[in-house]
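Down below is the structure, laid out as C-alpha cells.
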Amino acid sequence: MNQQSKWLQQQYHDIGATLAAQSPVALLHIGSQQTLVMISESSVLTLPLGANKTAADYFSHSIPKADEMENAIMAVEDRIMAIWAQIPANGRLLTVDEEIHHIALLAGVADQRVISLSLDAMERTFDRLAAVMLGRPAAREGIPEDASFAARLLILREFMHHLAFAEITIVSPDSLK
C-alpha cells in the first residue's frame, strides 16, 4: 500500500469513528496524478484520473475548450464506469479534500467543519465553468482559470453523476482530531 493509500485509510478510519456511518461509505480523494476511492478499511480503488494528470492529458488551455472537455468527459466516464460494480449501493460519498472543499465554497455552500455539496449545486458550478469555456469572463463566474481546477471539477461531476451520489459530504480534517 503506497503512502497516499495509507493516508486515505487513516482518514477512512477516523471518519468512520467520528461520523458513525449508518450506511456504507466511499471516501474519495482526487489527487494530482490519481483518484483514490476507499470502500472499506482494506479496499482502495485507484483510478488514473488525477487533476493535474487529466488536465495535462486533455487540456491545452488554462480554461479548456469545448472539444477538449468533451474528450476528457468521455475518458473520465469510461474510467469511472469501470469501477461502478465495486461501489457500495446506497452508500455515502465522503471526502477530506481541501480542493473539493473549495469547489463547495464556490458552489455557495456555507463553510463549516462538515458540509454537503449536492449534485445539483455541483452541476450548477460545472455549468458556470461551461459558460467560461464559451467566453464568459472567469472572474464574473468566480471560476479559477486553472486547467487542474477544471479537471478536478470534471472528475467530481462524473463520479457523482455516474455512480449516483446525490451529494458529497466534505469533512474538515480538523474535525477528525
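Labeling convention for the C-alpha cells: chains A, B, ... as they appear, residues from 1 per chain, ligands from 1 in order of appearance.
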Closest atom pairs, residues of stretch 71-100 of chain A within 12 Å of stretch 28-40 of chain A, only C-alpha atoms, as a Markdown table:
```
| residue | atom | partner | partner_atom | distance |
| --- | --- | --- | --- | --- |
| A:Val76 | CA | A:Thr35 | CA | 10.9 |
| A:Arg79 | CA | A:Thr35 | CA | 10.4 |
| A:Ile80 | CA | A:Thr35 | CA | 10.0 |
| A:Ile83 | CA | A:Val37 | CA | 9.7 |
| A:Trp84 | CA | A:Val37 | CA | 11.5 |
| A:Ala85 | CA | A:Ile39 | CA | 11.7 |
| A:Gln86 | CA | A:Ile39 | CA | 8.2 |
| A:Ile87 | CA | A:Ile39 | CA | 6.9 |
| A:Pro88 | CA | A:Ile39 | CA | 7.3 |
| A:Ala89 | CA | A:Ile39 | CA | 10.9 |
| A:Gly91 | CA | A:Ile39 | CA | 9.3 |
| A:Arg92 | CA | A:Ile39 | CA | 10.1 |
| A:Leu93 | CA | A:Leu28 | CA | 7.0 |
| A:Leu94 | CA | A:Leu28 | CA | 6.1 |
| A:Thr95 | CA | A:Leu28 | CA | 5.1 |
| A:Val96 | CA | A:His29 | CA | 7.4 |
| A:Asp97 | CA | A:His29 | CA | 6.2 |
| A:Glu98 | CA | A:His29 | CA | 9.7 |
| A:Glu99 | CA | A:Ile30 | CA | 8.5 |
| A:Ile100 | CA | A:Ile30 | CA | 8.3 |
```
Legend entry - stretch 29-170 of chain A: residues DSSP assigns to strand (DSSP E or B), reported as a PyMOL selection string: chain A and resi 29-30+35-40+43-47+92-95+114-118+167-170
Exercise: A:Ile143 partners within 9 Å, only C-alpha atoms, chain neighbours under 5 positions left out, as a tab-separated table (two decimals) with N, CA and C atoms, in the first residue's frame:
```
chain	number	residue	atom	x	y	z
A	106	LEU	N	-17.20	27.55	-3.73
A	106	LEU	CA	-17.53	28.22	-4.99
A	106	LEU	C	-18.99	27.97	-5.39
A	125	THR	N	-22.21	24.58	-10.65
A	125	THR	CA	-20.82	25.06	-10.70
A	125	THR	C	-20.16	24.62	-12.01
A	128	ARG	N	-21.27	26.84	-14.68
A	128	ARG	CA	-20.53	28.11	-14.67
A	128	ARG	C	-19.20	27.95	-15.39
A	129	LEU	N	-18.53	26.82	-15.17
A	129	LEU	CA	-17.29	26.54	-15.90
A	129	LEU	C	-17.58	26.47	-17.39
A	132	VAL	N	-17.81	29.85	-18.87
A	132	VAL	CA	-16.48	30.43	-19.04
A	132	VAL	C	-15.80	29.82	-20.27
A	137	PRO	N	-16.33	35.84	-18.92
A	137	PRO	CA	-15.13	36.05	-18.10
A	137	PRO	C	-15.14	35.18	-16.83
A	138	ALA	N	-14.03	34.52	-16.57
A	138	ALA	CA	-13.92	33.64	-15.40
A	138	ALA	C	-14.17	34.41	-14.11
A	149	PHE	N	-8.11	22.80	-11.88
A	149	PHE	CA	-9.42	23.01	-11.24
A	149	PHE	C	-10.51	22.42	-12.14
A	150	ALA	N	-10.47	22.72	-13.43
A	150	ALA	CA	-11.47	22.22	-14.37
A	150	ALA	C	-11.48	20.69	-14.38
```
Legend entry - Among listed residues A:His61, A:Arg152, A:His162, A:Arg157, nearest A:Glu123 (using only C-alpha atoms):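 Closest to A:Glu123 of all the choices is A:Arg157.
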Inset, instruction - Could you please determine the separation between atom CA of A:Pro24 and atom CA of A:Lys6 in Å, to one decimal place? - result: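 That distance, rounded to one decimal, is 19.5 Å.
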Legend entry - Non-local contacts of A:His161 (12 Å; only C-alpha atoms; under 6 positions in same chain excluded) as a ChimeraX atom specification: /A:73,76-77,80-81,84,93,118-120,122-123,153-155,167-168
Go ahead and dump the residues you just picked, C-alpha atoms, as a compact mmCIF listing (two decimals), in the first residue's frame.
```
# COMPACT_ATOMS: atom_id res chain seq x y z
CA ILE A 73 -15.54 13.67 -20.27
CA VAL A 76 -13.23 10.05 -17.34
CA GLU A 77 -16.65 8.40 -17.77
CA ILE A 80 -15.35 5.70 -13.55
CA MET A 81 -17.81 3.24 -15.05
CA TRP A 84 -19.23 1.02 -10.87
CA LEU A 93 -19.74 9.73 -0.54
CA SER A 118 -25.36 18.38 -3.59
CA LEU A 119 -25.16 17.01 -7.09
CA ASP A 120 -27.36 19.90 -8.23
CA MET A 122 -22.02 20.84 -8.20
CA GLU A 123 -23.75 20.72 -11.61
CA LEU A 153 -14.46 19.54 -11.08
CA LEU A 154 -14.95 17.24 -14.09
CA ILE A 155 -13.79 14.15 -12.17
CA GLU A 167 -24.26 14.60 -2.51
CA ILE A 168 -20.75 14.52 -1.18
```
Inset, instruction - Name the residues of chain A that fall into alpha helix (DSSP H) according to DSSP on the backbone, using the chain letters and numbers of this document, as JSON, numbers by chain. - result: {"A": [3, 4, 5, 6, 7, 8, 9, 10, 11, 12, 13, 14, 15, 16, 17, 18, 19, 51, 52, 53, 54, 55, 56, 57, 58, 66, 67, 68, 69, 70, 71, 72, 73, 74, 75, 76, 77, 78, 79, 80, 81, 98, 99, 100, 101, 102, 103, 104, 105, 106, 119, 120, 121, 122, 123, 124, 125, 126, 127, 128, 129, 130, 131, 132, 133, 138, 139, 140, 141, 147, 148, 149, 150, 151, 152, 153, 154, 155, 156, 157, 158, 159, 160, 161, 162]}
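Rounded to one decimal, atom CA of A:Ala131 and atom CA of A:Ile103 lie 16.3 Å from each other.
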Inset, instruction - Please indicate the distance in Å from atom CA of A:Leu49 to atom CA of A:Ile63, rounded to one decimal place. - result: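 So the answer is 18.1 Å.
Closest approach to A:Thr46 among A:Asn71, A:Leu27, A:Ser148, A:Ala66 is made by A:Leu27 (distances from only C-alpha atoms).
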Legend entry - Who sits within 6 Å of stretch 109-117 of chain A, only C-alpha atoms, same chain under 5 positions skipped, as a ChimeraX atom specification: /A:104,167-172
Skip A:Ala147 itself and residues of its chain fewer than 5 positions away, then list as a compact mmCIF listing (two decimals) with N, CA and C atoms, in the first residue's frame all residues within 9 Å of it, counting only C-alpha atoms.
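Saved to part_35.txt:
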```txt
# COMPACT_ATOMS: atom_id res chain seq x y z
N ALA A 51 -6.13 15.28 -10.98
CA ALA A 51 -6.47 16.60 -11.53
C ALA A 51 -5.39 17.11 -12.47
N ASN A 52 -4.14 17.05 -12.07
CA ASN A 52 -3.06 17.54 -12.92
C ASN A 52 -2.85 16.63 -14.13
N THR A 54 -5.09 14.62 -15.61
CA THR A 54 -6.21 14.76 -16.54
C THR A 54 -6.08 16.08 -17.31
N ALA A 55 -5.72 17.14 -16.59
CA ALA A 55 -5.53 18.44 -17.25
C ALA A 55 -4.42 18.34 -18.31
N ALA A 56 -3.30 17.72 -17.95
CA ALA A 56 -2.18 17.59 -18.90
C ALA A 56 -2.54 16.69 -20.08
N PHE A 59 -6.25 18.88 -21.71
CA PHE A 59 -6.45 20.31 -21.87
C PHE A 59 -5.15 20.98 -22.31
N SER A 60 -5.23 21.79 -23.35
CA SER A 60 -4.05 22.55 -23.75
C SER A 60 -4.24 24.04 -23.47
N HIS A 61 -5.30 24.38 -22.76
CA HIS A 61 -5.59 25.77 -22.37
C HIS A 61 -5.91 25.80 -20.87
N SER A 62 -5.65 26.93 -20.23
CA SER A 62 -5.95 27.03 -18.79
C SER A 62 -7.44 26.90 -18.54
N ILE A 63 -8.25 27.43 -19.44
CA ILE A 63 -9.69 27.14 -19.47
C ILE A 63 -9.88 26.25 -20.68
N PRO A 64 -10.28 24.99 -20.46
CA PRO A 64 -10.37 24.08 -21.61
C PRO A 64 -11.38 24.56 -22.66
N ARG A 152 -10.44 18.64 -11.93
CA ARG A 152 -10.94 18.15 -10.65
C ARG A 152 -12.46 18.24 -10.60
```
